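A.B. asks: Got a structure for you, written out below as structure tokens; questions coming shortly.
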Amino acid sequence: MKADPARIYDLFQLHRRYVVPLFQRPYVWTLDRQWGPLWTDISAKADEYQSFEDRESKEPTKHFLGAIVLNPLPTSGFQVAARLIIDGQQRLTTMQIILTALRDYAAKVDHSPLVRDLAKYILNDCRMENGFEKYKVWPTNADQELFTDVLDSGSIEEVEKRYPEVRRPRRWYPEPRPSLVAAYLFFYRSIDTYANTGADPQATEDERRTRVCRRLDAIDRTFSSYLEIVTIELDEHDNPQVIFETLNFRAEPLLPSDLIRNFVFLEATNQRKPVEDLHRKYWADFDKRDEKGNPSFWKQAEKTGRFYRLRMDLYIFQYLTLKTGREVTMGRLYQEFIDWWRDTKPDVESELQELNAYGRTFFRFYNPDVSTRIGVFAGRLRTMEVGTIYPLLLYLFHTRKSDFSPTDLESIAVDLESFLVRRMVCGLPTKNYNNLFLSWLATLKRTSEIDRQAVRNLLLQSDAETSRWPDDEELEKNWLTRDVYRGLGHRAKLVLEAIDLQLVTPKQEQVQVTGPLTLEHLMPQSWKEADYPLPTALDDATREALAERRQMLMHTFGNLTLLTQALNSAISNGPFDAKLAEIRRYGLLRLNSEFLNPIAEGHWTEEDIHARGEALLTIAKQIWAYP
């Protein structure tokens, strides 16, 4: 390799294209982490130059912006000479955005010499075979339309017209614009502020314009003389992936899925595969953004335990666990993927095809169709936050899908849900789930012919606390006595919502609840004996025992229901007769109309709580049946 220092204008004055590999991530720099500090450095260096020009200080020193790694791309005919950006795409893209903002501002104040000079640093002006070759930097697919829109707009007004500010109802702040657009707007406005800082309000129009142009020239000279970057040019003996990995944690750290994508497509390049075609067919959906330029499903964070992980990272983590059949460490995901790849030496196209296909199944688990029973299971699974089961689900519902009928697949989903919900209600530990599900996965992989009963046998094979499927007796004991309000937290809502859904029949209107529901105690936690009297004809010891029993039943399913937040707040600690009247007036859930009938009208006692708990338990056994 060859490393040389170069000024920014040295890079851009050549008729050359700097091409971002299509498999690299899109533009991700932000105001707080990169744009703000970068502009502070540029404007400070411009101030130093002006002081030097006025003979008030020494010539400014060079400011080092970091390094970029380039790999030559073959060209032919009248194609513009090109370099592949192995590392540094964020830096070079940002430089082009700043120069474009400077050009547009110079045009606004009629500084035509600067506009003319900047043109050659932004666009190639030579013979070329394709229109897109005019751009000095050519971003990854996801950013190309945004980037060309910004460079071709010619003014801030046109950029804002193409990407207007959007405000949502009841929101203080507008929706964020796409990053490349936001970068242009930030730097344009920063240039405007810099150009007019310290202006004399008494100066004439010509004096003000002369001063503004001089300050713009200072920024221009900063780029031409004082911003320095090291270019590392590779040759055929250098390994771009090794160098990329070494440098990637400068600036904005790459996520495991970013590194894995780069590795796989560099492998495709080394195998002389049609990289662009492979990316378009098998990976482009993972990198897509929505119509506003915001991250799509795969680039959003998902809560897993105490942490939030990018869904793409989670997917590859689960896919790799399925492939290897062993526990994978999220913190070493990239290295473990590389180790697996080098051990198995898969065909790149076949592997990309599988990643894409399994990805569609993963998507349906995280974005389920709740009109189906499998979709309902997937939705409840996310509420339970049992992420370690997904490799097993990918195997059952994708790898071996053809072995089952649709009815069998639904039944397997019901059995798995019963296993997990019953254990959750009974307070059984989840710490061994990763090993348990991996052992099931290994067993199923060794089984040539599997059916629903084979899966059910796995769920029934152990009576250990860490792996048993609680039977009806164990479920009933915990259902009627366990403090599920504090023990399950928000997951208790899952159970009650499932019971309410089970109660809906074809004879009833299909009412869809769009807002969040909250847990409500029918007998308030802070009950007052005036509203919920204990029997008077009892000795003190019996009354105390009854009060303790009431306190035990307080947080069981028999005393919990679901209400909207507004209704919950309105009736939370009121007496039962008033609470019941409001629930009957406003509530639409079958959970409340079907099982909220006290033995004595206007009263809610321990017997009522126990009776309602037993009634709800009957429905729960239907939803989550035990063989």
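To be explicit about the labels: the chains of the structure tokens are called A, B, and onward in the order shown, and within each one the residues are counted from 1, while ligands get numbers from 1 in the order they are shown.
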Which residues in stretch 338-480 of chain A does DSSP call helix (DSSP H, G or I)? List them as a PyMOL selection string.
C.D. replies: chain A and resi 338-344+348-366+373-384+387-399+401-403+406-425+433-446+452-460+472-480
A.B. asks: Near A:Arg189, within 10 Å and counting only C-alpha atoms, which residues show up once chain neighbours fewer than 5 positions away are dropped, as a list in words?
C.D. replies: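 So the residues in contact are Ala101, Leu102, Tyr105, Ile156, Tyr184, Tyr194 and Ala195 of chain A.
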A.B. asks: Those same residues, written as a JSON list (two decimals), in the first residue's frame with C-alpha atoms?
C.D. replies:
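Just written: result_2.json:
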[["chain", "number", "residue", "atom", "x", "y", "z"],
["A", 101, "ALA", "CA", -23.46, 24.33, 0.61],
["A", 102, "LEU", "CA", -20.55, 26.77, 0.14],
["A", 105, "TYR", "CA", -24.30, 30.25, -0.60],
["A", 156, "ILE", "CA", -31.29, 25.92, 0.03],
["A", 184, "TYR", "CA", -26.62, 20.27, 3.92],
["A", 194, "TYR", "CA", -20.01, 32.66, 9.75],
["A", 195, "ALA", "CA", -20.17, 34.94, 6.70]]
A.B. asks: Could you list, as an mmCIF file with N, CA and C atoms, in the first residue's frame, every residue within 10 Å of A:Ala46, counting only C-alpha atoms and ignoring same-chain residues fewer than 6 positions away?
C.D. replies:
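Printed below is out_30.cif as written:
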data_model
loop_
_atom_site.group_PDB
_atom_site.id
_atom_site.type_symbol
_atom_site.label_atom_id
_atom_site.label_comp_id
_atom_site.auth_asym_id
_atom_site.auth_seq_id
_atom_site.Cartn_x
_atom_site.Cartn_y
_atom_site.Cartn_z
ATOM 1 N N THR A 40 -16.718 23.451 13.736
ATOM 2 C CA THR A 40 -15.920 24.240 14.684
ATOM 3 C C THR A 40 -14.466 24.277 14.242
ATOM 4 N N PHE A 52 -3.920 35.665 9.598
ATOM 5 C CA PHE A 52 -2.653 35.584 8.866
ATOM 6 C C PHE A 52 -2.647 36.544 7.671
ATOM 7 N N PRO A 60 -1.554 29.577 9.421
ATOM 8 C CA PRO A 60 -2.167 28.453 10.151
ATOM 9 C C PRO A 60 -1.444 27.143 9.876
ATOM 10 N N TYR A 194 -21.429 32.286 9.755
ATOM 11 C CA TYR A 194 -20.013 32.663 9.746
ATOM 12 C C TYR A 194 -19.774 33.876 8.845
ATOM 13 N N ARG A 215 -14.953 36.492 3.763
ATOM 14 C CA ARG A 215 -15.052 35.413 4.750
ATOM 15 C C ARG A 215 -15.333 34.073 4.051
ATOM 16 N N LEU A 216 -16.077 34.096 2.958
ATOM 17 C CA LEU A 216 -16.264 32.869 2.187
ATOM 18 C C LEU A 216 -14.942 32.406 1.574
ATOM 19 N N ASP A 217 -14.143 33.361 1.123
ATOM 20 C CA ASP A 217 -12.818 33.019 0.578
ATOM 21 C C ASP A 217 -11.936 32.366 1.644
ATOM 22 N N ALA A 218 -12.101 32.802 2.901
ATOM 23 C CA ALA A 218 -11.316 32.211 3.993
ATOM 24 C C ALA A 218 -11.675 30.738 4.178
ATOM 25 N N ILE A 219 -12.970 30.431 4.037
ATOM 26 C CA ILE A 219 -13.379 29.020 4.115
ATOM 27 C C ILE A 219 -12.793 28.258 2.930
ATOM 28 N N ASP A 220 -12.866 28.859 1.766
ATOM 29 C CA ASP A 220 -12.309 28.238 0.561
ATOM 30 C C ASP A 220 -10.814 27.949 0.728
ATOM 31 N N ARG A 221 -10.053 28.919 1.252
ATOM 32 C CA ARG A 221 -8.617 28.724 1.459
ATOM 33 C C ARG A 221 -8.345 27.656 2.514
ATOM 34 N N THR A 222 -9.236 27.531 3.479
ATOM 35 C CA THR A 222 -9.089 26.475 4.482
ATOM 36 C C THR A 222 -9.115 25.105 3.806
ATOM 37 N N PHE A 223 -10.063 24.922 2.880
ATOM 38 C CA PHE A 223 -10.155 23.650 2.167
ATOM 39 C C PHE A 223 -8.963 23.443 1.235
ATOM 40 N N TYR A 226 -5.383 24.011 4.176
ATOM 41 C CA TYR A 226 -5.142 23.686 5.588
ATOM 42 C C TYR A 226 -5.884 22.449 6.108
#
A.B. asks: Per residue of stretch 167-229 of chain A within 12 Å of stretch 137-143 of chain A, which atom pair is closest and at what distance in Å (one decimal), using only C-alpha atoms, listed by chain and increasing number, as CSV?
C.D. replies:
residue,atom,partner,partner_atom,distance
A:Pro178,CA,A:Asp143,CA,9.5
A:Ser179,CA,A:Asp143,CA,9.5
A:Leu180,CA,A:Asp143,CA,8.0
A:Val181,CA,A:Asp143,CA,10.5
A.B. asks: Please provide the set of residues having any atom within 9 Å of stretch 616-618 of chain A, restricted to only C-alpha atoms, with same-chain residues fewer than 5 positions apart removed, written as a PyMOL selection string.
C.D. replies: chain A and resi 475-476+479-480+496+499+557-558+591+595+611
A.B. asks: Could you pull out all residues of stretch 474-588 of chain A with a DSSP call of strand (DSSP E or B) and give them as a ChimeraX atom specification?
C.D. replies: /A:517-521,560-564
A.B. asks: At a cut-off of 10 Å, using only C-alpha atoms, what residues contact A:Val386? Leave out same-chain residues fewer than 5 positions from it and give the result as an MDAnalysis selection string.
C.D. replies: chainID A and resid 304:305 380:381 420 430 433:434
A.B. asks: For stretch 549-551 of chain A, please output as an mmCIF file with N, CA and C atoms, in the first residue's frame all residues within 10 Å (counting only C-alpha atoms; exclusion window: fewer than 2 positions along the same chain).
C.D. replies:
data_model
loop_
_atom_site.group_PDB
_atom_site.id
_atom_site.type_symbol
_atom_site.label_atom_id
_atom_site.label_comp_id
_atom_site.auth_asym_id
_atom_site.auth_seq_id
_atom_site.Cartn_x
_atom_site.Cartn_y
_atom_site.Cartn_z
ATOM 1 N N THR A 481 -53.301 -17.948 43.679
ATOM 2 C CA THR A 481 -52.642 -17.440 44.888
ATOM 3 C C THR A 481 -51.428 -16.557 44.622
ATOM 4 N N ASP A 483 -48.869 -13.608 43.431
ATOM 5 C CA ASP A 483 -48.890 -12.168 43.184
ATOM 6 C C ASP A 483 -48.379 -11.932 41.756
ATOM 7 N N MET A 523 -60.567 -4.559 43.705
ATOM 8 C CA MET A 523 -60.462 -4.083 45.091
ATOM 9 C C MET A 523 -59.143 -3.332 45.171
ATOM 10 N N GLN A 525 -55.608 -1.515 45.939
ATOM 11 C CA GLN A 525 -54.490 -1.898 46.807
ATOM 12 C C GLN A 525 -54.589 -1.179 48.148
ATOM 13 N N TRP A 527 -57.232 -0.427 49.954
ATOM 14 C CA TRP A 527 -58.645 -0.572 50.300
ATOM 15 C C TRP A 527 -58.921 -0.036 51.696
ATOM 16 N N LEU A 534 -64.928 -5.963 56.478
ATOM 17 C CA LEU A 534 -64.738 -7.342 56.902
ATOM 18 C C LEU A 534 -65.910 -7.714 57.809
ATOM 19 N N ARG A 543 -60.367 -12.221 62.083
ATOM 20 C CA ARG A 543 -60.402 -11.022 61.242
ATOM 21 C C ARG A 543 -59.009 -10.722 60.661
ATOM 22 N N GLU A 544 -57.981 -10.908 61.482
ATOM 23 C CA GLU A 544 -56.623 -10.670 61.013
ATOM 24 C C GLU A 544 -56.250 -11.664 59.915
ATOM 25 N N ALA A 545 -56.648 -12.941 60.088
ATOM 26 C CA ALA A 545 -56.367 -13.959 59.080
ATOM 27 C C ALA A 545 -57.108 -13.647 57.781
ATOM 28 N N LEU A 546 -58.339 -13.151 57.910
ATOM 29 C CA LEU A 546 -59.122 -12.812 56.728
ATOM 30 C C LEU A 546 -58.510 -11.623 55.985
ATOM 31 N N ALA A 547 -58.013 -10.651 56.767
ATOM 32 C CA ALA A 547 -57.361 -9.489 56.154
ATOM 33 C C ALA A 547 -56.096 -9.916 55.407
ATOM 34 N N LEU A 553 -54.881 -12.230 47.997
ATOM 35 C CA LEU A 553 -55.684 -12.305 46.787
ATOM 36 C C LEU A 553 -55.650 -11.009 45.978
ATOM 37 N N MET A 554 -55.217 -9.941 46.612
ATOM 38 C CA MET A 554 -55.276 -8.611 46.011
ATOM 39 C C MET A 554 -54.622 -8.572 44.632
ATOM 40 N N HIS A 555 -53.462 -9.248 44.482
ATOM 41 C CA HIS A 555 -52.684 -9.142 43.250
ATOM 42 C C HIS A 555 -52.797 -10.385 42.375
ATOM 43 N N THR A 556 -53.831 -11.200 42.609
ATOM 44 C CA THR A 556 -54.052 -12.363 41.743
ATOM 45 C C THR A 556 -54.916 -11.960 40.548
ATOM 46 N N THR A 605 -65.827 -9.059 47.440
ATOM 47 C CA THR A 605 -65.219 -9.728 48.586
ATOM 48 C C THR A 605 -64.171 -10.739 48.139
ATOM 49 N N GLU A 606 -63.565 -11.391 49.137
ATOM 50 C CA GLU A 606 -62.571 -12.410 48.835
ATOM 51 C C GLU A 606 -63.198 -13.547 48.034
ATOM 52 N N GLU A 607 -64.459 -13.870 48.356
ATOM 53 C CA GLU A 607 -65.144 -14.934 47.626
ATOM 54 C C GLU A 607 -65.343 -14.552 46.160
ATOM 55 N N ILE A 609 -63.394 -12.502 44.426
ATOM 56 C CA ILE A 609 -62.077 -12.554 43.779
ATOM 57 C C ILE A 609 -61.721 -13.995 43.433
#
A.B. asks: Neighbours of A:Pro164 within 12 Å (only C-alpha atoms; same-chain residues fewer than 2 positions away dropped), as a list in words?
C.D. replies: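 Contacts, with the query itself left out: Ile156, Glu157, Glu158, Val159, Glu160, Lys161, Arg162, Val166, Arg167, Pro174, Glu175, Pro176, Arg177, Pro178, Val181, Ala182, Leu185 and Lys292 of chain A.
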A.B. asks: Write the residues of the preceding selection, restricted to N, CA and C atoms, as a CSV table (one decimal), in the first residue's frame.
C.D. replies:
chain,number,residue,atom,x,y,z
A,156,ILE,N,-30.7,26.5,-1.2
A,156,ILE,CA,-31.3,25.9,0.0
A,156,ILE,C,-32.8,25.9,-0.1
A,157,GLU,N,-33.3,26.9,-0.9
A,157,GLU,CA,-34.8,26.9,-1.1
A,157,GLU,C,-35.3,25.7,-1.8
A,158,GLU,N,-34.5,25.3,-2.8
A,158,GLU,CA,-34.9,24.1,-3.6
A,158,GLU,C,-34.8,22.8,-2.8
A,159,VAL,N,-33.7,22.7,-2.0
A,159,VAL,CA,-33.6,21.6,-1.1
A,159,VAL,C,-34.8,21.5,-0.1
A,160,GLU,N,-35.1,22.6,0.5
A,160,GLU,CA,-36.3,22.6,1.4
A,160,GLU,C,-37.6,22.3,0.7
A,161,LYS,N,-37.7,22.7,-0.5
A,161,LYS,CA,-38.9,22.4,-1.3
A,161,LYS,C,-39.0,20.9,-1.6
A,162,ARG,N,-37.9,20.3,-1.9
A,162,ARG,CA,-37.9,18.9,-2.2
A,162,ARG,C,-38.1,18.0,-0.9
A,166,VAL,N,-41.8,18.4,8.2
A,166,VAL,CA,-43.0,17.8,8.5
A,166,VAL,C,-43.2,17.8,10.0
A,167,ARG,N,-44.4,18.3,10.4
A,167,ARG,CA,-44.8,18.4,11.8
A,167,ARG,C,-46.0,17.5,12.0
A,174,PRO,N,-40.4,19.1,14.7
A,174,PRO,CA,-40.7,18.5,13.4
A,174,PRO,C,-40.0,17.1,13.3
A,175,GLU,N,-40.5,16.3,12.4
A,175,GLU,CA,-39.9,15.0,12.0
A,175,GLU,C,-38.5,15.3,11.5
A,176,PRO,N,-37.5,14.5,11.8
A,176,PRO,CA,-36.2,14.6,11.3
A,176,PRO,C,-36.1,14.4,9.8
A,177,ARG,N,-35.4,15.3,9.1
A,177,ARG,CA,-35.2,15.1,7.7
A,177,ARG,C,-34.1,14.0,7.5
A,178,PRO,N,-34.0,13.5,6.3
A,178,PRO,CA,-32.9,12.5,6.0
A,178,PRO,C,-31.6,13.1,6.3
A,181,VAL,N,-29.7,15.5,3.8
A,181,VAL,CA,-30.4,16.7,3.7
A,181,VAL,C,-30.2,17.6,4.9
A,182,ALA,N,-30.3,17.0,6.1
A,182,ALA,CA,-30.0,17.7,7.4
A,182,ALA,C,-28.6,18.2,7.4
A,185,LEU,N,-28.4,21.4,5.2
A,185,LEU,CA,-29.0,22.5,5.9
A,185,LEU,C,-28.2,23.0,7.0
A,292,LYS,N,-39.3,8.6,3.8
A,292,LYS,CA,-38.7,9.8,4.3
A,292,LYS,C,-37.2,9.7,4.6
